[in-house]
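See below for query38.txt, which holds compact mmCIF, C-alpha atoms.
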# COMPACT_ATOMS: atom_id res chain seq x y z
CA MET D 1 -6.47 -11.34 18.77
CA ASP D 2 -9.77 -12.54 20.23
CA GLY D 3 -12.24 -14.76 18.40
CA LEU D 4 -14.48 -12.07 16.92
CA ALA D 5 -11.56 -9.88 15.86
CA ALA D 6 -9.90 -12.88 14.22
CA ARG D 7 -13.07 -13.73 12.29
CA ILE D 8 -13.44 -10.12 11.18
CA ASN D 9 -9.82 -10.05 10.09
CA ASP D 10 -10.39 -13.23 8.07
CA ALA D 11 -13.28 -11.47 6.30
CA LEU D 12 -11.18 -8.45 5.25
CA PRO D 13 -9.39 -8.26 1.87
CA GLN D 14 -5.95 -7.87 3.49
CA THR D 15 -4.83 -5.13 1.12
CA GLN D 16 -3.26 -3.36 4.15
CA CYS D 17 -4.09 -0.04 2.50
CA THR D 18 -4.81 1.89 5.76
CA ARG D 19 -7.79 3.67 4.12
CA CYS D 20 -9.97 2.51 7.01
CA GLY D 21 -8.00 4.79 9.32
CA TYR D 22 -6.02 1.99 10.98
CA PRO D 23 -2.43 0.84 10.30
CA ASP D 24 -3.46 -2.53 8.88
CA CYS D 25 -6.38 -4.91 8.45
CA ALA D 26 -5.77 -6.57 11.82
CA GLY D 27 -5.90 -3.19 13.56
CA TYR D 28 -9.21 -2.38 11.89
CA ALA D 29 -10.58 -5.81 12.83
CA GLN D 30 -9.71 -5.20 16.47
CA ALA D 31 -11.39 -1.80 16.36
CA VAL D 32 -14.57 -3.20 14.80
CA ALA D 33 -14.70 -6.03 17.32
CA GLY D 34 -14.28 -3.55 20.15
CA GLY D 35 -17.01 -1.26 18.84
CA GLU D 36 -14.50 1.51 18.12
CA ALA D 37 -14.93 1.51 14.33
CA GLY D 38 -17.80 1.13 11.91
CA ILE D 39 -18.20 -1.86 9.64
CA ASN D 40 -18.32 0.45 6.60
CA GLN D 41 -14.77 1.81 6.53
CA CYS D 42 -13.10 -0.61 4.06
CA PRO D 43 -13.25 0.59 0.43
CA PRO D 44 -11.45 -2.48 -1.01
CA GLY D 45 -14.05 -4.77 0.57
CA GLY D 46 -16.87 -2.64 -0.78
CA ALA D 47 -20.55 -3.37 -0.25
CA GLU D 48 -20.02 -7.12 -0.09
CA GLY D 49 -17.36 -6.65 2.56
CA ILE D 50 -19.76 -4.58 4.64
CA GLU D 51 -22.34 -7.35 4.38
CA ARG D 52 -19.76 -9.86 5.61
CA LEU D 53 -18.92 -7.72 8.63
CA ALA D 54 -22.62 -7.10 9.32
CA GLN D 55 -23.22 -10.84 9.53
CA LEU D 56 -20.25 -11.35 11.84
CA THR D 57 -21.06 -8.47 14.19
CA GLY D 58 -24.85 -8.47 14.09
CA ARG D 59 -24.83 -4.80 13.09
CA ALA D 60 -26.96 -3.32 10.34
CA ALA D 61 -25.27 -2.99 6.96
CA LEU D 62 -24.60 0.61 5.97
CA PRO D 63 -23.34 2.28 2.80
CA LEU D 64 -19.59 2.69 2.59
CA ASP D 65 -18.54 5.80 4.52
CA ALA D 66 -17.31 8.21 1.84
CA GLN D 67 -14.71 9.78 4.11
CA PHE D 68 -12.69 6.56 3.80
CA GLY D 69 -12.91 6.35 0.02
CA THR D 70 -15.11 4.81 -2.63
CA GLU D 71 -15.51 1.30 -3.96
CA GLY D 72 -13.92 0.84 -7.36
CA PRO D 73 -11.89 -1.48 -9.58
CA ARG D 74 -8.66 -2.84 -8.13
CA ALA D 75 -5.61 -0.96 -9.33
CA MET D 76 -2.01 -2.05 -9.72
CA ALA D 77 1.06 0.11 -9.19
CA VAL D 78 3.30 0.57 -12.21
CA ILE D 79 6.79 2.07 -12.04
CA ASP D 80 8.12 4.13 -14.93
CA GLU D 81 11.55 2.53 -14.91
CA ALA D 82 12.99 5.31 -17.07
CA TRP D 83 12.38 7.79 -14.25
CA CYS D 84 13.03 5.55 -11.24
CA ILE D 85 16.12 6.75 -9.32
CA GLY D 86 16.43 3.70 -7.08
CA CYS D 87 15.86 5.55 -3.81
CA THR D 88 14.24 2.41 -2.24
CA LEU D 89 11.60 4.44 -0.33
CA CYS D 90 8.79 2.50 -1.98
CA LEU D 91 10.22 -0.83 -0.83
CA ASP D 92 9.50 -0.08 2.82
CA ALA D 93 6.12 1.46 1.98
CA CYS D 94 4.85 -1.63 0.17
CA PRO D 95 3.11 -3.85 2.74
CA THR D 96 3.40 -7.03 0.68
CA ASP D 97 6.91 -6.66 -0.76
CA ALA D 98 5.46 -6.43 -4.25
CA ILE D 99 8.23 -4.04 -5.32
CA VAL D 100 11.70 -5.35 -6.00
CA GLY D 101 14.89 -3.40 -6.56
CA ILE D 102 18.13 -2.29 -4.96
CA ASN D 103 19.62 1.05 -4.06
CA LYS D 104 20.49 3.22 -7.07
CA ARG D 105 18.91 0.75 -9.51
CA MET D 106 15.47 0.85 -11.06
CA HIS D 107 12.64 -0.95 -9.28
CA THR D 108 9.71 -2.89 -10.65
CA VAL D 109 6.36 -4.17 -9.38
CA ILE D 110 5.50 -7.87 -9.22
CA GLU D 111 1.96 -7.81 -10.53
CA ALA D 112 0.78 -10.94 -8.70
CA HIS D 113 1.70 -9.49 -5.31
CA CYS D 114 0.41 -5.91 -5.68
CA THR D 115 -2.79 -5.23 -3.71
CA GLY D 116 -3.34 -1.77 -5.15
CA CYS D 117 -2.95 -0.21 -1.70
CA GLU D 118 -1.42 2.99 -3.21
CA LEU D 119 0.99 3.41 -0.28
CA CYS D 120 3.97 3.61 -2.64
CA ILE D 121 2.56 6.64 -4.48
CA PRO D 122 3.14 9.41 -1.89
CA VAL D 123 6.66 8.28 -0.92
CA CYS D 124 8.09 8.41 -4.45
CA PRO D 125 10.15 11.62 -4.72
CA VAL D 126 10.09 11.70 -8.51
CA ASP D 127 6.46 10.66 -9.07
CA CYS D 128 7.42 7.71 -11.23
CA ILE D 129 4.71 5.40 -9.85
CA SER D 130 1.21 5.40 -11.29
CA LEU D 131 -1.86 3.20 -10.97
CA GLU D 132 -3.47 1.14 -13.70
CA VAL D 133 -6.91 -0.42 -13.45
CA GLU D 134 -6.47 -4.16 -13.08
CA THR D 135 -10.12 -5.25 -12.93
CA PRO D 136 -12.23 -3.03 -15.20
CA GLY D 137 -15.90 -3.33 -14.37
CA LEU D 138 -15.24 -5.30 -11.18
CA SER D 139 -14.89 -3.91 -7.67
CA GLY D 140 -14.82 -5.05 -4.05
CA TRP D 141 -14.73 -8.81 -3.62
CA GLN D 142 -15.63 -9.23 -7.29
CA ALA D 143 -12.17 -7.85 -8.07
CA TRP D 144 -10.34 -9.78 -5.35
CA SER D 145 -10.37 -13.42 -4.27
CA THR D 146 -10.05 -15.23 -0.95
CA GLU D 147 -6.84 -16.79 -2.24
CA GLN D 148 -5.38 -13.38 -3.10
CA ALA D 149 -6.35 -12.05 0.33
CA ALA D 150 -4.66 -15.00 2.05
CA SER D 151 -1.51 -14.52 -0.03
CA ALA D 152 -1.40 -10.79 0.73
CA ARG D 153 -1.80 -11.51 4.42
CA ARG D 154 1.10 -13.97 4.43
CA ARG D 155 3.33 -11.55 2.56
CA TYR D 156 2.40 -8.75 4.94
CA GLU D 157 3.38 -10.90 7.91
CA VAL D 158 6.75 -11.65 6.31
CA HIS D 159 7.20 -7.96 5.48
CA GLY D 160 6.59 -7.11 9.12
CA ARG D 161 9.28 -9.50 10.28
CA HIS D 162 12.06 -8.29 8.02
CA ARG D 163 11.03 -4.63 7.71
CA ASN D 164 10.37 -4.15 11.44
CA THR D 165 6.77 -3.17 10.74
CA ASP D 166 5.77 -3.51 14.39
CA ALA D 167 8.21 -0.80 15.41
CA ARG D 168 7.12 1.42 12.54
CA LEU D 169 3.49 1.14 13.55
CA ALA D 170 4.12 1.58 17.27
CA ASP D 171 2.02 4.16 19.09
CA LYS D 172 5.07 6.06 20.34
CA ALA D 173 6.10 8.68 17.80
CA PRO D 174 9.80 9.10 16.92
CA GLU D 175 11.68 11.90 18.62
CA PRO D 176 11.86 15.14 16.56
CA GLU D 177 15.63 14.79 16.24
CA ALA D 178 15.24 11.29 14.80
CA LEU D 179 12.70 12.55 12.28
CA GLN D 180 15.03 15.34 11.22
CA ASP D 181 17.98 12.94 10.82
CA ALA D 182 15.88 10.51 8.80
CA GLY D 183 14.57 13.33 6.64
CA ALA D 184 18.08 14.61 6.00
CA ARG D 185 19.25 11.14 4.98
CA LYS D 186 16.34 10.70 2.60
CA ARG D 187 16.94 14.11 1.04
CA ALA D 188 20.62 13.31 0.56
CA ILE D 189 19.77 10.00 -1.12
CA VAL D 190 17.23 11.61 -3.42
CA GLU D 191 19.45 14.58 -4.31
CA ALA D 192 22.36 12.27 -5.16
CA ALA D 193 20.12 10.05 -7.30
CA LEU D 194 18.65 13.04 -9.13
CA ALA D 195 22.13 14.35 -9.81
CA ARG D 196 23.09 10.99 -11.33
CA ALA D 197 19.93 10.97 -13.42
CA ARG D 198 20.62 14.50 -14.73
CA ALA D 199 24.20 13.60 -15.55
CA ALA D 200 23.09 10.47 -17.40
CA SER D 201 20.53 12.40 -19.43
CA GLN D 202 23.14 14.98 -20.45
CA GLN D 203 25.44 12.23 -21.70
CA ARG D 204 22.78 10.73 -23.96
CA PRO D 205 23.12 11.61 -27.64
CA PRO D 206 20.44 13.95 -28.95
CA ALA D 207 17.44 12.24 -30.49
CA THR D 208 17.37 12.21 -34.28
CA THR D 209 14.28 12.61 -36.36
CA LYS D 210 13.56 10.77 -39.53
CA PRO D 211 13.39 12.89 -42.67

When written as structure tokens, how does the structure in this file appear?
Amino acid sequence: MDGLAARINDALPQTQCTRCGYPDCAGYAQAVAGGEAGINQCPPGGAEGIERLAQLTGRAALPLDAQFGTEGPRAMAVIDEAWCIGCTLCLDACPTDAIVGINKRMHTVIEAHCTGCELCIPVCPVDCISLEVETPGLSGWQAWSTEQAASARRRYEVHGRHRNTDARLADKAPEPEALQDAGARKRAIVEAALARARAASQQRPPATTKP
């Protein structure tokens, strides 16, 4: 990463949310440095983040481009452990390894490590993950600190090493057969987990009401 791209990357919140249209903050930084992306595509950074990039690039500050989202309070993912089937799909989706759990066991979110990227939401097959506002009344860099950004960046780098993130984000798309095989495996995992959940619910005694 060249000097300007590195400085831009340092100025980003490192939520790795992909809302900017790039696979991670470093990718967006490279695109901004190369003149391929605007400085107003990072909702987590908000207006203050745009000002930071304007100073680094010498470009005029612009309002946040609405097609990439809106500035708002930072959210945190919360897993409804009663509904979690332990499919592990959210573990790979989380860029900072903020979710812990093992196959067929409920998962939970480590609050201190969650960036509110929302990437775990669409991969959950049973919709047991929701978002809760973590910083009411505060948004952008008012809701996020330099220390938190640095921590998220370190965790993302570790995630990339042990989750093979580089391969996942490679330009070359998987072969159709590989996609079909992966999809079949995921469906089998989810169907088996749902079957276990249904069986467990049927074995529970009926709820009693107080007179």

* Considering only C-alpha atoms, return as a list in words whatever protein or nucleic-acid residues lie within 9 Å of D:Glu132, sequence-local ones (same chain, fewer than 3 positions apart) excluded. =>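 Once the adjacent positions are removed, what remains is Arg74, Ala75, Met76, Ala77 and Val78 of chain D.
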
* Asked: For D:Arg105, which of D:Ile50, D:Ala26, D:Val126, D:Ala82 is the closest residue, counting all atoms listed in the file?
  ->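 Smallest separation from D:Arg105 among the options: D:Ala82.
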
* To do: Using all atoms listed in the file, pick whichever of D:Ala149, D:Cys90, D:Val109, D:Ala98 has the shortest atom-to-atom distance to D:Pro122.
  =>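 Among D:Ala149, D:Cys90, D:Val109, D:Ala98, it is D:Cys90 that comes nearest to D:Pro122.
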
* Within 6 Å of D:Arg155, counting all atoms listed in the file, which residues qualify if same-chain residues fewer than 3 places away don't, as number ranges by chain? -> D: 96, 152, 158

Skipping near chain neighbours, those fewer than 5 positions away, what residues fall within 6 Å of D:Ala29 using all atoms listed in the file, listed as a compact mmCIF listing (two decimals) with C-alpha atoms, keeping the file's coordinate frame?
# COMPACT_ATOMS: atom_id res chain seq x y z
CA ALA D 5 -11.56 -9.88 15.86
CA ILE D 8 -13.44 -10.12 11.18
CA ASN D 9 -9.82 -10.05 10.09

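Straight-line separation from atom CA of D:Asp92 to atom CA of D:Cys17: 13.6 Å.
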
* Asked: Hey, which of D:Leu131, D:Cys114, D:Leu64, D:Leu119 ends up closest to D:Trp144? Count all atoms listed in the file.
  -> D:Cys114

* Give me, please, the distance in Å between atom CA of D:Ala11 and atom CA of D:Glu147, quoted to one decimal. =>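 If I compute the distance from atom CA of D:Ala11 to atom CA of D:Glu147, I get 11.9 Å.
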
* Check the smallest atom-to-atom distance from each of D:Leu62, D:Leu4, D:Leu12, D:Ala54 to D:Ala150 using all atoms listed in the file, then report the winner. =>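 Going through D:Leu62, D:Leu4, D:Leu12, D:Ala54 one by one, the smallest distance to D:Ala150 is for D:Leu12.
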
* Asked: Which of these, D:Cys94, D:Val32, D:His107, D:Gly137, has the shortest distance to D:Val123 once you count only C-alpha atoms?
  -> D:Cys94

* So which residues touch D:Ala47 within 10 Å, counting only C-alpha atoms, skipping near sequence neighbours fewer than 3 positions away, as a list in words? ->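 Neighbouring residues, sequence-local ones excluded: Asn40, Cys42, Pro43, Pro44, Ile50, Glu51, Arg52, Ala61, Leu62, Pro63, Leu64, Glu71, Ser139, Gly140 and Trp141 of chain D.
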
* To do: Compare D:Gly101, D:Pro136, D:Pro125, D:Pro13 by their minimum atom-to-atom distance to D:Glu48, counting all atoms listed in the file, and give me the closest one.
  =>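 Going through D:Gly101, D:Pro136, D:Pro125, D:Pro13 one by one, the smallest distance to D:Glu48 is for D:Pro13.
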